[in-house]
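Raw coords_33.cif, mmCIF, C-alpha atoms:
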```cif
data_data
#
loop_
_atom_site.label_atom_id
_atom_site.label_comp_id
_atom_site.auth_asym_id
_atom_site.auth_seq_id
_atom_site.Cartn_x
_atom_site.Cartn_y
_atom_site.Cartn_z
CA MET A 1 21.74 13.16 -2.10
CA HIS A 2 19.65 10.27 -0.88
CA SER A 3 20.44 6.70 -1.83
CA VAL A 4 18.37 3.53 -1.72
CA HIS A 5 20.26 2.63 1.46
CA HIS A 6 19.08 5.87 3.11
CA TYR A 7 15.41 5.14 2.43
CA LEU A 8 15.62 1.44 3.31
CA ASN A 9 16.91 2.42 6.73
CA SER A 10 14.45 5.23 7.33
CA ARG A 11 11.57 4.98 9.79
CA VAL A 12 8.96 5.86 7.15
CA ILE A 13 5.99 3.46 7.09
CA ASP A 14 6.35 0.85 4.32
CA SER A 15 9.59 2.52 3.22
CA ALA A 16 10.90 -0.46 1.23
CA PRO A 17 7.63 -1.25 -0.62
CA LEU A 18 7.03 2.44 -1.37
CA LEU A 19 10.59 2.81 -2.63
CA GLY A 20 10.04 -0.20 -4.86
CA LEU A 21 6.91 1.44 -6.28
CA ALA A 22 8.67 4.74 -6.90
CA LEU A 23 11.59 3.06 -8.69
CA LYS A 24 9.49 0.30 -10.28
CA ARG A 25 11.90 -2.26 -8.88
CA ASP A 26 11.53 -5.35 -6.69
CA HIS A 27 13.01 -5.85 -3.23
CA THR A 28 15.95 -7.88 -4.49
CA TRP A 29 17.01 -5.05 -6.78
CA LEU A 30 16.80 -2.55 -3.92
CA ILE A 31 19.07 -4.68 -1.74
CA THR A 32 21.65 -5.26 -4.49
CA HIS A 33 21.61 -1.59 -5.59
CA ASN A 34 21.54 0.12 -2.21
CA ASP A 35 24.06 2.74 -3.41
CA TYR A 36 21.71 3.93 -6.18
CA ILE A 37 21.02 7.69 -5.93
CA LEU A 38 17.44 8.75 -6.61
CA ASN A 39 16.93 11.45 -9.22
CA ALA A 40 14.59 14.41 -8.69
CA GLN A 41 11.56 12.76 -10.30
CA GLU A 42 12.01 9.56 -8.30
CA LYS A 43 12.30 11.53 -5.06
CA HIS A 44 9.15 13.48 -5.95
CA THR A 45 7.24 10.27 -6.70
CA LEU A 46 8.43 8.66 -3.46
CA ALA A 47 7.49 11.74 -1.41
CA HIS A 48 3.98 11.66 -2.86
CA LEU A 49 3.59 7.95 -2.07
CA ILE A 50 4.83 8.48 1.49
CA GLU A 51 2.39 11.37 1.96
CA GLN A 52 -0.55 9.28 0.72
CA ARG A 53 0.43 6.32 2.89
CA GLN A 54 0.73 8.52 5.98
CA LYS A 55 -2.79 9.79 5.27
CA GLY A 56 -3.96 6.20 5.54
CA VAL A 57 -4.37 5.32 1.87
CA PRO A 58 -4.01 1.51 1.73
CA PHE A 59 -0.86 0.25 0.06
CA ALA A 60 -2.93 -1.81 -2.40
CA TYR A 61 -4.50 1.37 -3.79
CA LEU A 62 -1.07 2.94 -4.22
CA SER A 63 0.34 -0.11 -5.98
CA GLY A 64 -2.89 -0.79 -7.87
CA THR A 65 -2.65 -4.55 -7.29
CA LYS A 66 -3.33 -7.15 -4.63
CA GLY A 67 -2.69 -10.87 -4.55
CA PHE A 68 -5.59 -13.25 -3.93
CA TYR A 69 -5.35 -17.04 -3.90
CA HIS A 70 -2.99 -17.82 -6.82
CA LEU A 71 -3.52 -14.65 -8.89
CA ASP A 72 -2.82 -10.91 -8.77
CA PHE A 73 -5.70 -8.47 -9.23
CA LYS A 74 -6.00 -4.84 -10.18
CA VAL A 75 -7.74 -2.86 -7.44
CA THR A 76 -8.92 0.75 -7.29
CA PRO A 77 -10.76 2.87 -4.71
CA ASP A 78 -13.96 1.72 -6.48
CA THR A 79 -13.35 -1.84 -5.25
CA LEU A 80 -12.68 -3.45 -1.91
CA ILE A 81 -9.16 -4.69 -1.28
CA PRO A 82 -9.20 -8.51 -1.39
CA ARG A 83 -8.87 -10.13 2.03
CA PRO A 84 -7.21 -13.49 2.66
CA GLU A 85 -10.31 -14.54 4.64
CA THR A 86 -12.31 -14.59 1.41
CA GLU A 87 -10.01 -17.29 0.03
CA LEU A 88 -12.05 -19.63 2.25
CA LEU A 89 -14.95 -19.31 -0.21
CA ILE A 90 -12.69 -20.52 -3.02
CA ASP A 91 -11.67 -23.61 -1.05
CA ILE A 92 -15.29 -24.45 -0.20
CA ALA A 93 -16.47 -24.08 -3.80
CA LEU A 94 -13.58 -26.11 -5.21
CA ASP A 95 -14.24 -28.92 -2.76
CA LEU A 96 -18.02 -28.84 -3.33
CA PHE A 97 -17.84 -29.16 -7.11
CA LYS A 98 -14.64 -31.16 -7.40
CA LYS A 99 -14.40 -32.61 -10.93
CA LYS A 100 -18.03 -31.62 -11.60
CA PRO A 101 -19.55 -29.00 -13.92
CA CYS A 102 -21.01 -25.91 -12.32
CA ARG A 103 -23.09 -22.91 -13.33
CA LEU A 104 -21.75 -20.29 -10.94
CA LEU A 105 -23.01 -16.82 -10.02
CA ASP A 106 -20.80 -14.42 -8.07
CA LEU A 107 -23.02 -11.68 -6.63
CA GLY A 108 -21.34 -8.34 -5.95
CA THR A 109 -18.10 -9.33 -7.63
CA GLY A 110 -16.13 -6.13 -6.95
CA SER A 111 -12.70 -6.56 -8.53
CA GLY A 112 -13.80 -10.02 -9.65
CA ILE A 113 -11.64 -12.09 -7.32
CA ILE A 114 -14.11 -14.93 -6.64
CA ALA A 115 -15.47 -15.38 -10.16
CA ILE A 116 -12.09 -15.03 -11.86
CA THR A 117 -10.22 -17.29 -9.44
CA LEU A 118 -12.79 -20.07 -9.76
CA ALA A 119 -12.97 -19.70 -13.54
CA ASP A 120 -9.20 -19.95 -13.70
CA LYS A 121 -9.23 -23.10 -11.58
CA ASN A 122 -12.17 -24.58 -13.52
CA PRO A 123 -12.17 -23.42 -17.17
CA HIS A 124 -15.12 -25.73 -17.93
CA TRP A 125 -17.42 -23.97 -15.44
CA GLN A 126 -20.00 -21.46 -16.69
CA VAL A 127 -19.29 -18.37 -14.61
CA SER A 128 -21.38 -15.21 -14.27
CA ALA A 129 -20.68 -12.19 -12.07
CA THR A 130 -22.63 -9.07 -11.17
CA ASP A 131 -22.07 -5.75 -9.47
CA PHE A 132 -24.21 -2.67 -8.95
CA CYS A 133 -21.21 -0.34 -9.42
CA ASP A 134 -20.25 0.13 -13.06
CA LYS A 135 -16.74 1.29 -12.10
CA ALA A 136 -16.12 -1.85 -10.04
CA LEU A 137 -17.44 -3.99 -12.87
CA ALA A 138 -15.02 -2.28 -15.27
CA VAL A 139 -12.14 -3.29 -12.99
CA ALA A 140 -13.41 -6.88 -12.84
CA LYS A 141 -13.56 -7.05 -16.62
CA GLN A 142 -9.95 -5.86 -16.83
CA ASN A 143 -8.93 -8.55 -14.35
CA ALA A 144 -10.74 -11.36 -16.17
CA ARG A 145 -8.57 -13.96 -17.89
CA GLN A 146 -11.50 -16.06 -19.09
CA ASP A 147 -14.92 -15.75 -20.70
CA ILE A 148 -17.07 -14.58 -17.79
CA ASN A 149 -20.59 -13.23 -18.15
CA PHE A 150 -20.45 -9.86 -16.38
CA GLN A 151 -23.72 -8.00 -15.80
CA GLN A 152 -24.48 -4.75 -14.01
CA GLY A 153 -27.38 -4.53 -11.60
CA ASN A 154 -28.58 -4.73 -8.01
CA TRP A 155 -28.06 -8.31 -6.86
CA PHE A 156 -30.40 -10.66 -8.76
CA ASP A 157 -31.85 -7.84 -10.88
CA ALA A 158 -28.77 -8.23 -13.06
CA MET A 159 -29.59 -11.89 -13.81
CA PRO A 160 -33.38 -12.17 -14.35
CA ASN A 161 -34.82 -15.58 -15.18
CA GLN A 162 -31.50 -17.40 -14.82
CA THR A 163 -30.64 -20.27 -12.48
CA PHE A 164 -27.37 -21.61 -11.14
CA ASP A 165 -25.87 -24.58 -9.35
CA LEU A 166 -23.92 -22.37 -6.95
CA ILE A 167 -24.42 -18.76 -5.90
CA ILE A 168 -21.54 -17.16 -4.01
CA SER A 169 -21.47 -13.73 -2.44
CA ASN A 170 -19.20 -11.69 -0.22
CA PRO A 171 -21.80 -8.96 0.36
CA PRO A 172 -21.66 -5.89 2.60
CA TYR A 173 -22.10 -7.12 6.16
CA ILE A 174 -20.73 -4.46 8.54
CA GLU A 175 -23.09 -2.64 10.89
CA GLN A 176 -23.53 1.02 9.91
CA ASN A 177 -22.19 2.35 13.22
CA ASP A 178 -19.33 -0.13 13.63
CA LEU A 179 -16.17 1.60 14.87
CA TYR A 180 -14.15 -0.67 12.55
CA LEU A 181 -15.33 1.46 9.62
CA LYS A 182 -12.86 4.17 10.66
CA ASP A 183 -10.06 1.88 9.54
CA LEU A 184 -11.78 1.31 6.18
CA SER A 185 -12.54 4.93 5.29
CA HIS A 186 -10.65 4.75 1.97
CA GLU A 187 -12.65 1.77 0.70
CA PRO A 188 -16.13 2.04 -0.89
CA GLN A 189 -18.61 2.17 1.98
CA SER A 190 -21.46 0.80 -0.13
CA ALA A 191 -19.50 -2.45 -0.43
CA LEU A 192 -19.03 -2.66 3.33
CA VAL A 193 -22.12 -1.42 5.19
CA ALA A 194 -25.51 -3.15 5.27
CA GLY A 195 -27.86 -1.49 7.72
CA LYS A 196 -28.10 -1.38 11.49
CA ASP A 197 -27.24 -5.04 12.03
CA GLY A 198 -25.18 -5.57 8.88
CA LEU A 199 -27.65 -8.10 7.47
CA ASP A 200 -29.77 -6.05 5.05
CA ASP A 201 -28.11 -7.39 1.91
CA ILE A 202 -27.76 -10.93 3.23
CA ARG A 203 -31.51 -11.01 3.99
CA LEU A 204 -32.26 -9.93 0.44
CA ILE A 205 -29.91 -12.52 -1.06
CA ILE A 206 -31.30 -15.37 1.05
CA LYS A 207 -34.89 -14.37 0.23
CA ASN A 208 -34.34 -14.28 -3.54
CA ALA A 209 -31.73 -17.01 -4.02
CA PRO A 210 -34.24 -19.92 -4.23
CA LYS A 211 -35.71 -18.49 -7.46
CA HIS A 212 -32.23 -18.48 -9.01
CA LEU A 213 -30.95 -21.88 -7.90
CA ASN A 214 -31.24 -25.15 -9.77
CA LYS A 215 -32.66 -28.17 -7.95
CA GLN A 216 -30.45 -28.95 -4.92
CA GLY A 217 -28.34 -25.91 -5.72
CA TYR A 218 -26.11 -24.19 -3.14
CA LEU A 219 -25.78 -20.75 -1.62
CA LEU A 220 -22.41 -19.77 -0.12
CA LEU A 221 -22.03 -16.53 1.85
CA GLU A 222 -19.21 -14.72 3.60
CA HIS A 223 -20.38 -12.92 6.74
CA GLY A 224 -19.28 -11.17 9.93
CA TYR A 225 -17.83 -13.04 12.89
CA ASN A 226 -20.99 -12.55 14.99
CA GLN A 227 -23.71 -13.18 12.38
CA GLN A 228 -23.68 -16.95 11.86
CA GLN A 229 -26.58 -17.79 14.18
CA GLN A 230 -28.87 -15.12 12.68
CA ILE A 231 -28.06 -16.20 9.14
CA THR A 232 -28.74 -19.83 10.00
CA GLN A 233 -32.24 -18.86 11.12
CA LEU A 234 -32.81 -16.90 7.90
CA LEU A 235 -31.81 -19.92 5.82
CA LYS A 236 -33.98 -22.54 7.52
CA ASP A 237 -37.20 -21.82 5.62
CA ASN A 238 -35.82 -22.72 2.19
CA PHE A 239 -32.47 -24.39 2.80
CA LEU A 240 -31.07 -27.52 4.43
CA ASN A 241 -27.62 -29.10 4.91
CA ILE A 242 -26.39 -25.88 6.47
CA HIS A 243 -22.64 -25.94 7.05
CA LYS A 244 -20.70 -23.32 8.99
CA PHE A 245 -17.04 -22.48 8.42
CA ASN A 246 -14.33 -20.63 10.33
CA ASP A 247 -11.66 -18.62 8.58
CA TYR A 248 -7.93 -19.14 9.13
CA ASN A 249 -8.07 -16.91 12.21
CA LEU A 250 -10.72 -19.25 13.68
CA GLN A 251 -13.44 -16.60 13.30
CA ASN A 252 -16.91 -17.52 12.00
CA ARG A 253 -16.70 -16.42 8.37
CA ALA A 254 -18.80 -18.44 5.88
CA ILE A 255 -21.99 -20.45 5.61
CA LEU A 256 -23.08 -22.95 2.94
CA ALA A 257 -26.64 -24.16 2.45
CA GLN A 258 -28.47 -26.36 -0.06
CA LEU A 259 -31.87 -25.58 -1.55
CA LYS A 260 -34.63 -27.77 -0.07
CA PHE A 261 -36.78 -28.23 -3.11
#
```
Turn the structure described in the file into structure tokens.
Amino acid sequence: MHSVHHYLNSRVIDSAPLLGLALKRDHTWLITHNDYILNAQEKHTLAHLIEQRQKGVPFAYLSGTKGFYHLDFKVTPDTLIPRPETELLIDIALDLFKKKPCRLLDLGTGSGIIAITLADKNPHWQVSATDFCDKALAVAKQNARQDINFQQGNWFDAMPNQTFDLIISNPPYIEQNDLYLKDLSHEPQSALVAGKDGLDDIRLIIKNAPKHLNKQGYLLLEHGYNQQQQITQLLKDNFLNIHKFNDYNLQNRAILAQLKF
């Protein structure tokens, strides 16, 4: 018979978190009940979780949740797993519209982390969010704690004839042949890959954003570590006050620009 103590001391990857999932208990309970003997169903559940994890399925997809900023979000294989680097966009937006109203559009919302986090921090903001994938949008709607205008469609097609003070997007920006994609094989590739140089979607967003921004409105983009210079050039025709930001690992990660006209 195998006890909690046996599994906590095993060499299985993520043994403690997986055990917690199988038993639906937190880490404190596991430590204080290390003599608990798993029943047959619990051992079966744990074996399945271990098998999936060893196949490379991300822990967030096994648990079904992932923390982002100050909230927890449901995630599924139809959505990207929230990254801490994206929290930078939240900080920039909060600082930019501190104590001010804002009509916000989150393009390609995925599980809804950007729109929902900012709406939670600023209940008086008018927040809209779009995604091309109906399954991802369904997850975002389940995560929402506030009245957010969710619309399905390809980028701005989902929000025709509407304008905003701030447009935020964490779009696909990985090059289609990037070796890093091997480590992301369980996540939706359409939310990751954007052409040969990773800029296909960013080009489209920058081109169409001016028609959807209010006077002196802002565009805020997450991007790859090596794309900042190219994106700056793309912005210069219609934007000014271009600000570049590093993430918490000191990698180029975000760019903010203000509409010229």
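With all atoms listed in the file as the basis for measurement, A:Leu71 is the residue among A:Pro172, A:Leu71, A:Tyr218, A:Lys196 that approaches Arg145 of chain A most closely.
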Q | Residues in the PyMOL selection byres ((chain A and resi 233-237) around 12), expressed as a VMD selection string | A | chain A and resid 199 to 200 202 to 210 218 to 221 227 to 232 238 to 243 255 to 261
Need the axis-aligned box for segment 171-186 of chain A with 8 Å each side, so what are the centre and edges in Å to one decimal, as lines of an AutoDock Vina configuration file?
```
center_x = -16.8
center_y = -2.0
center_z = 7.6
size_x = 29.5
size_y = 29.9
size_z = 30.5
```
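Taking atom CA of Gln162 of chain A and atom CA of Ala136 of chain A as endpoints, the distance between them is 22.4 Å.
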**Q.** Selection result for the PyMOL selection byres ((chain A and resi 7-21) around 9) on this file, as a list in words
**A.** His2, Ser3, Val4, His5, His6, Ala22, Leu23, Lys24, Arg25, Asp26, His27, Trp29, Leu30, Ile31, Asn34, Glu42, Thr45, Leu46, Leu49, Ile50, Arg53, Gln54, Phe59, Leu62 and Ser63 of chain A
(Q) Selection in question (the file shown): the PyMOL selection byres ((chain A and resi 82) around 10). Which residues does it include, as a list in words? (A) Ala60, Thr65, Lys66, Gly67, Phe68, Tyr69, Phe73, Val75, Thr79, Leu80, Ile81, Arg83, Pro84, Glu85, Thr86, Glu87, Gly110, Ser111, Gly112, Ile113 and Ile114 of chain A
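Using only C-alpha atoms, the shortest contact distance between Pro101 of chain A and any of A:Asn39, A:Asn122, A:Thr163, A:Asn154 is found at A:Asn122.
One finds atom CA of Ala191 of chain A at 13.5 Å from atom CA of Gly224 of chain A.
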Q) Using all atoms listed in the file, which residues sit within 9 Å of Asn149 of chain A once same-chain residues fewer than 3 positions away are excluded, as JSON, numbers by chain? A) {"A": [126, 127, 128, 129, 130]}
Q | Option closest in space to Ala119 of chain A, from A:Asn252, A:Gln52, A:Asn143, A:Asn214 [counting only C-alpha atoms] | A | A:Asn143
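Compared by their closest atoms to Pro77 of chain A, and using only C-alpha atoms, the residues A:Phe164, A:Leu184, A:Ala47, A:Ala40 rank with A:Leu184 nearest.
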Q | Sel. within 6 Å of pt (-25.2, -23.8, -10.7), counting only C-alpha atoms, output as number ranges by chain | A | A: 102-104, 164-166
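Within the 12 Å cut-off around Leu250 of chain A, using all atoms listed in the file and omitting residues fewer than 5 positions from it on the same chain, the listed residues are Glu85, Leu88, Tyr225, Lys244 and Phe245 of chain A.
We find atom CA of Thr76 of chain A and atom CA of Tyr61 of chain A to be spaced 5.7 Å apart.
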Please identify all polymer residues within 8 Å of Asn170 of chain A, counting all atoms listed in the file, omitting same-chain residues fewer than 5 positions from it, and present them as a short mmCIF file (atom, residue, chain, number, x, y, z; two decimals) with C-alpha atoms, in the coordinates of the input.
```cif
data_model
loop_
_atom_site.label_atom_id
_atom_site.label_comp_id
_atom_site.auth_asym_id
_atom_site.auth_seq_id
_atom_site.Cartn_x
_atom_site.Cartn_y
_atom_site.Cartn_z
CA THR A 86 -12.31 -14.59 1.41
CA LEU A 107 -23.02 -11.68 -6.63
CA GLY A 108 -21.34 -8.34 -5.95
CA THR A 109 -18.10 -9.33 -7.63
CA LEU A 221 -22.03 -16.53 1.85
CA GLU A 222 -19.21 -14.72 3.60
CA HIS A 223 -20.38 -12.92 6.74
#
```
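The closest residue to Ala140 of chain A, picked from A:Lys74, A:Gln176, A:Asp91, A:Asp201 and counting all atoms listed in the file, is A:Lys74.
The shortest atom-to-atom distance to Lys98 of chain A, with all atoms listed in the file taken into account, belongs to A:Lys121 out of A:Gly198, A:Ala254, A:Lys121, A:His70.
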